[in-house]
Every structure is written in C-alpha cells, then in structure tokens.
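J.: Below is one structure. I have some questions about it.
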Amino acid sequence: MQPTTHHESLELDAATIACASPADIGRLGERLARMHLTENDRATIVARNWRVATGELRGELDCVCLDHESRQLVVVEVKCRVGATRFGGAAAAYPARKHAKVRRLAALYRATHPAMYNSLRIDVVAIDVASSTGRVDLTHFVEVS
C-alpha cells in the first residue's frame, strides 16, 4: 500500500490486551478507528458494520463515513492485530481479494444511499498492538486503490 498515510501511537493496558479474545480485539480496533476518524479527520460516521447477508455478494463494511472536506463517501476497512508485526502487521492482513470485495460492497452501499456524496474512497486503518507493552500504532491509509 502506497497511499497517503496518517500515523499515531497510544498506550493500552498490556494485561487487558493479553486476556482479550479476537472478537474483543476487533471491536477495540474498530472503536479506535472511529475515534481517529471523528476526532482527527473530522469525519461523520454514517454506518458501522453495514452487512449484506443475502444474495451473491455477502460481507460487511466496517465503517462508512462522510469526509466533508473532500466531499467524499469513505468506506474504511479496519484491521487490528496483536503482536503480529513479524508477519507484516495489520496492513498485511488486507489482501487484494478482500479489497475487491470491499469495492463491490462499497458500490452497493453507495447505490442504496444516493443522497450521500457521489465520490467514493476506500481507506484502511491498520492497528498494531504490542502484546507485551500495550503500545498501539494506528496507521490510516487514505485512498487505497
């Protein structure tokens, strides 16, 4: 991924991270991503965990928001990994196959919500958590193509 990036770090309680389930880690990652989007990017979140459960295209969009500055509808895929930097970290967990599916889901979302901005962008928020220290590195990849 070579798009524009924003990076920030923070600390979490390492003991809490150590006993968290994968689902808890996922929810934590999505919460941190939403905080970043609303506080730092001043985006307005319009949907969380938007799902398509029927038909040929099934899946979920983690976060859909409006970027008023660029006047774009932004679909944000959130990847959160604990102690996975040796495998390329959270950013490496977003393969081309997943991107293609997110693009199709984003197009469907935009088609079913015509009042939103016409321009569509897909971002990835990658969150890496160090299991031993609780250090969190959040990287926002803007306009992943």
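Every chain in the structure tokens takes a letter, A first, then B, and so on in the order presented; its residues are numbered from 1, and the ligands are numbered from 1 following the presented order.
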From a DSSP calculation on the backbone, collect every residue of region 54-145 of chain A in alpha helix (DSSP H) and output the set as a list of chain:residue names.

T.: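 Taking region 54-145 of chain A and keeping alpha helix (DSSP H) only, one gets A:Ala96, A:Arg97, A:Lys98, A:His99, A:Ala100, A:Lys101, A:Val102, A:Arg103, A:Arg104, A:Leu105, A:Ala106, A:Ala107, A:Leu108, A:Tyr109, A:Arg110, A:Ala111, A:Thr112.
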
J.: Produce a file of the selected residues containing all heavy atoms, as a short mmCIF file (atom, residue, chain, number, x, y, z; two decimals), in the first residue's frame.

T.:
data_model
loop_
_atom_site.label_atom_id
_atom_site.label_comp_id
_atom_site.auth_asym_id
_atom_site.auth_seq_id
_atom_site.Cartn_x
_atom_site.Cartn_y
_atom_site.Cartn_z
N ALA A 96 -5.52 -8.38 -1.77
CA ALA A 96 -6.23 -7.88 -2.95
C ALA A 96 -7.64 -8.47 -3.04
O ALA A 96 -8.58 -7.78 -3.44
CB ALA A 96 -5.44 -8.19 -4.22
N ARG A 97 -7.80 -9.73 -2.68
CA ARG A 97 -9.11 -10.38 -2.72
C ARG A 97 -10.11 -9.64 -1.81
O ARG A 97 -11.25 -9.40 -2.18
CB ARG A 97 -8.94 -11.84 -2.30
CG ARG A 97 -10.19 -12.64 -2.24
CD ARG A 97 -9.92 -14.09 -1.76
NE ARG A 97 -9.79 -14.13 -0.31
CZ ARG A 97 -8.65 -14.27 0.38
NH1 ARG A 97 -7.52 -14.40 -0.24
NH2 ARG A 97 -8.64 -14.30 1.70
N LYS A 98 -9.65 -9.26 -0.62
CA LYS A 98 -10.51 -8.53 0.32
C LYS A 98 -10.83 -7.14 -0.22
O LYS A 98 -11.97 -6.67 -0.12
CB LYS A 98 -9.82 -8.43 1.69
CG LYS A 98 -10.57 -7.61 2.71
CD LYS A 98 -11.87 -8.27 3.14
CE LYS A 98 -12.51 -7.49 4.27
NZ LYS A 98 -13.79 -8.03 4.67
N HIS A 99 -9.83 -6.50 -0.82
CA HIS A 99 -10.06 -5.16 -1.39
C HIS A 99 -11.11 -5.21 -2.48
O HIS A 99 -11.99 -4.33 -2.55
CB HIS A 99 -8.75 -4.58 -1.91
CG HIS A 99 -8.88 -3.19 -2.42
ND1 HIS A 99 -9.21 -2.11 -1.61
CD2 HIS A 99 -8.77 -2.68 -3.68
CE1 HIS A 99 -9.28 -1.01 -2.34
NE2 HIS A 99 -9.03 -1.33 -3.59
N ALA A 100 -11.06 -6.22 -3.33
CA ALA A 100 -12.04 -6.34 -4.41
C ALA A 100 -13.46 -6.49 -3.83
O ALA A 100 -14.41 -5.89 -4.34
CB ALA A 100 -11.69 -7.53 -5.30
N LYS A 101 -13.58 -7.26 -2.77
CA LYS A 101 -14.89 -7.45 -2.14
C LYS A 101 -15.37 -6.14 -1.49
O LYS A 101 -16.54 -5.78 -1.61
CB LYS A 101 -14.83 -8.56 -1.10
CG LYS A 101 -16.18 -8.90 -0.52
CD LYS A 101 -16.10 -10.14 0.32
CE LYS A 101 -17.49 -10.63 0.63
NZ LYS A 101 -17.46 -11.93 1.27
N VAL A 102 -14.48 -5.44 -0.81
CA VAL A 102 -14.85 -4.16 -0.20
C VAL A 102 -15.29 -3.18 -1.28
O VAL A 102 -16.28 -2.45 -1.09
CB VAL A 102 -13.69 -3.59 0.65
CG1 VAL A 102 -13.96 -2.15 1.07
CG2 VAL A 102 -13.46 -4.46 1.89
N ARG A 103 -14.63 -3.16 -2.41
CA ARG A 103 -15.02 -2.26 -3.51
C ARG A 103 -16.45 -2.57 -3.98
O ARG A 103 -17.25 -1.67 -4.22
CB ARG A 103 -14.04 -2.35 -4.68
CG ARG A 103 -12.70 -1.72 -4.39
CD ARG A 103 -11.80 -1.73 -5.62
NE ARG A 103 -12.24 -0.79 -6.63
CZ ARG A 103 -12.11 0.54 -6.57
NH1 ARG A 103 -11.57 1.09 -5.51
NH2 ARG A 103 -12.52 1.30 -7.53
N ARG A 104 -16.76 -3.86 -4.13
CA ARG A 104 -18.11 -4.24 -4.58
C ARG A 104 -19.16 -3.87 -3.52
O ARG A 104 -20.23 -3.36 -3.84
CB ARG A 104 -18.16 -5.74 -4.90
CG ARG A 104 -17.37 -6.10 -6.16
CD ARG A 104 -17.66 -7.51 -6.66
NE ARG A 104 -17.52 -8.55 -5.67
CZ ARG A 104 -16.40 -9.19 -5.34
NH1 ARG A 104 -15.28 -8.87 -5.95
NH2 ARG A 104 -16.41 -10.14 -4.43
N LEU A 105 -18.85 -4.13 -2.25
CA LEU A 105 -19.78 -3.76 -1.18
C LEU A 105 -19.96 -2.25 -1.10
O LEU A 105 -21.07 -1.75 -0.88
CB LEU A 105 -19.29 -4.31 0.16
CG LEU A 105 -19.44 -5.81 0.37
CD1 LEU A 105 -18.60 -6.26 1.57
CD2 LEU A 105 -20.90 -6.18 0.56
N ALA A 106 -18.87 -1.50 -1.28
CA ALA A 106 -18.94 -0.04 -1.23
C ALA A 106 -19.81 0.50 -2.36
O ALA A 106 -20.60 1.43 -2.16
CB ALA A 106 -17.53 0.56 -1.32
N ALA A 107 -19.68 -0.08 -3.55
CA ALA A 107 -20.51 0.34 -4.68
C ALA A 107 -21.99 0.07 -4.39
O ALA A 107 -22.86 0.89 -4.71
CB ALA A 107 -20.07 -0.37 -5.95
N LEU A 108 -22.28 -1.07 -3.76
CA LEU A 108 -23.66 -1.38 -3.39
C LEU A 108 -24.17 -0.41 -2.33
O LEU A 108 -25.30 0.07 -2.42
CB LEU A 108 -23.75 -2.83 -2.88
CG LEU A 108 -25.13 -3.28 -2.44
CD1 LEU A 108 -26.14 -3.20 -3.58
CD2 LEU A 108 -25.06 -4.71 -1.90
N TYR A 109 -23.35 -0.09 -1.36
CA TYR A 109 -23.75 0.87 -0.33
C TYR A 109 -24.09 2.21 -0.98
O TYR A 109 -25.13 2.80 -0.70
CB TYR A 109 -22.65 1.06 0.73
CG TYR A 109 -23.10 1.99 1.83
CD1 TYR A 109 -23.74 1.48 2.95
CD2 TYR A 109 -22.93 3.37 1.73
CE1 TYR A 109 -24.20 2.33 3.96
CE2 TYR A 109 -23.38 4.22 2.73
CZ TYR A 109 -24.02 3.69 3.83
OH TYR A 109 -24.48 4.53 4.82
N ARG A 110 -23.21 2.67 -1.85
CA ARG A 110 -23.44 3.97 -2.49
C ARG A 110 -24.71 3.95 -3.34
O ARG A 110 -25.47 4.91 -3.35
CB ARG A 110 -22.24 4.36 -3.34
CG ARG A 110 -22.38 5.78 -3.89
CD ARG A 110 -21.15 6.26 -4.55
NE ARG A 110 -20.89 5.45 -5.73
CZ ARG A 110 -19.89 5.65 -6.55
NH1 ARG A 110 -19.03 6.61 -6.31
NH2 ARG A 110 -19.71 4.90 -7.60
N ALA A 111 -24.96 2.83 -4.02
CA ALA A 111 -26.16 2.73 -4.85
C ALA A 111 -27.43 2.74 -4.02
O ALA A 111 -28.47 3.23 -4.49
CB ALA A 111 -26.09 1.45 -5.69
N THR A 112 -27.37 2.23 -2.80
CA THR A 112 -28.56 2.18 -1.95
C THR A 112 -28.70 3.41 -1.06
O THR A 112 -29.67 3.52 -0.32
CB THR A 112 -28.57 0.90 -1.09
OG1 THR A 112 -27.39 0.86 -0.29
CG2 THR A 112 -28.67 -0.33 -1.96
#

J.: Can you check which residues of chain A DSSP gives as strand (DSSP E or B) on the backbone and send them as a ChimeraX atom specification?

T.: /A:4-11,44-52,59-67,72-82,119-129,135-142

J.: Find the spatial neighbours of Arg121 (chain A), counting only C-alpha atoms, within a cut-off of 8 Å - ignore same-chain residues fewer than 3 positions away - and output them as a list in words.

T.: Gln72, Leu73, Val74, Val75, Glu143 and Val144 of chain A

J.: Quick one: pull the distance between CA of Thr44 (chain A) and CA of Leu66 (chain A), Å, one decimal.

T.: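 Separation of CA of Thr44 (chain A) and CA of Leu66 (chain A): 5.1 Å.
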
J.: Could you name the residues that touch Arg71 (chain A) at 10 Å or less, counting only C-alpha atoms, but leaving out those on the same chain fewer than 6 positions away, as a PyMOL selection string?

T.: chain A and resi 116-120

J.: Could you save those same residues with all heavy atoms as a compact mmCIF listing (two decimals), in the first residue's frame?

T.:
# COMPACT_ATOMS: atom_id res chain seq x y z
N MET A 116 -25.92 10.49 -0.44
CA MET A 116 -24.55 10.71 0.03
C MET A 116 -23.71 11.32 -1.11
O MET A 116 -24.15 11.40 -2.24
CB MET A 116 -23.92 9.38 0.45
CG MET A 116 -24.70 8.61 1.47
SD MET A 116 -24.53 9.34 3.09
CE MET A 116 -25.53 8.26 4.06
N TYR A 117 -22.51 11.71 -0.78
CA TYR A 117 -21.60 12.24 -1.80
C TYR A 117 -21.42 11.23 -2.93
O TYR A 117 -21.40 10.02 -2.70
CB TYR A 117 -20.23 12.55 -1.19
CG TYR A 117 -20.23 13.68 -0.19
CD1 TYR A 117 -19.62 13.52 1.04
CD2 TYR A 117 -20.83 14.91 -0.47
CE1 TYR A 117 -19.59 14.55 1.97
CE2 TYR A 117 -20.81 15.93 0.45
CZ TYR A 117 -20.20 15.75 1.67
OH TYR A 117 -20.18 16.77 2.58
N ASN A 118 -21.25 11.73 -4.14
CA ASN A 118 -21.07 10.85 -5.30
C ASN A 118 -19.69 10.24 -5.37
O ASN A 118 -19.51 9.15 -5.87
CB ASN A 118 -21.36 11.62 -6.60
CG ASN A 118 -22.84 11.86 -6.77
OD1 ASN A 118 -23.65 11.06 -6.32
ND2 ASN A 118 -23.19 12.95 -7.42
N SER A 119 -18.70 10.94 -4.89
CA SER A 119 -17.33 10.45 -4.95
C SER A 119 -17.10 9.44 -3.82
O SER A 119 -17.49 9.68 -2.68
CB SER A 119 -16.36 11.63 -4.81
OG SER A 119 -15.04 11.18 -4.85
N LEU A 120 -16.47 8.33 -4.16
CA LEU A 120 -16.25 7.25 -3.20
C LEU A 120 -14.76 7.00 -3.03
O LEU A 120 -14.00 7.01 -4.00
CB LEU A 120 -16.92 5.97 -3.69
CG LEU A 120 -16.68 4.71 -2.88
CD1 LEU A 120 -17.35 4.81 -1.52
CD2 LEU A 120 -17.20 3.50 -3.63

J.: Considering only C-alpha atoms, can you say which of A:Cys19, A:Leu28, A:Leu37, A:Ala47 comes closest to Val136 (chain A)?

T.: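 Closest to Val136 (chain A) of all the choices is A:Leu28.
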
J.: Using only C-alpha atoms, which of A:Ile45, A:Asp67, A:Arg81, A:Gly59 sits nearest Ser21 (chain A)?

T.: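 Using only C-alpha atoms, the shortest distance to Ser21 (chain A) belongs to A:Arg81.
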
J.: In Å to one decimal, how far is CA of Val129 (chain A) from CA of Gly29 (chain A)?

T.: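 One can read the CA of Gly29 (chain A) to CA of Val129 (chain A) distance as 9.4 Å.
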
J.: Between A:His36, A:Ala53, A:Ser70, A:Val46, which one has atoms that come closest to Thr139 (chain A), using only C-alpha atoms?

T.: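 The answer is A:His36, which sits nearest to Thr139 (chain A).
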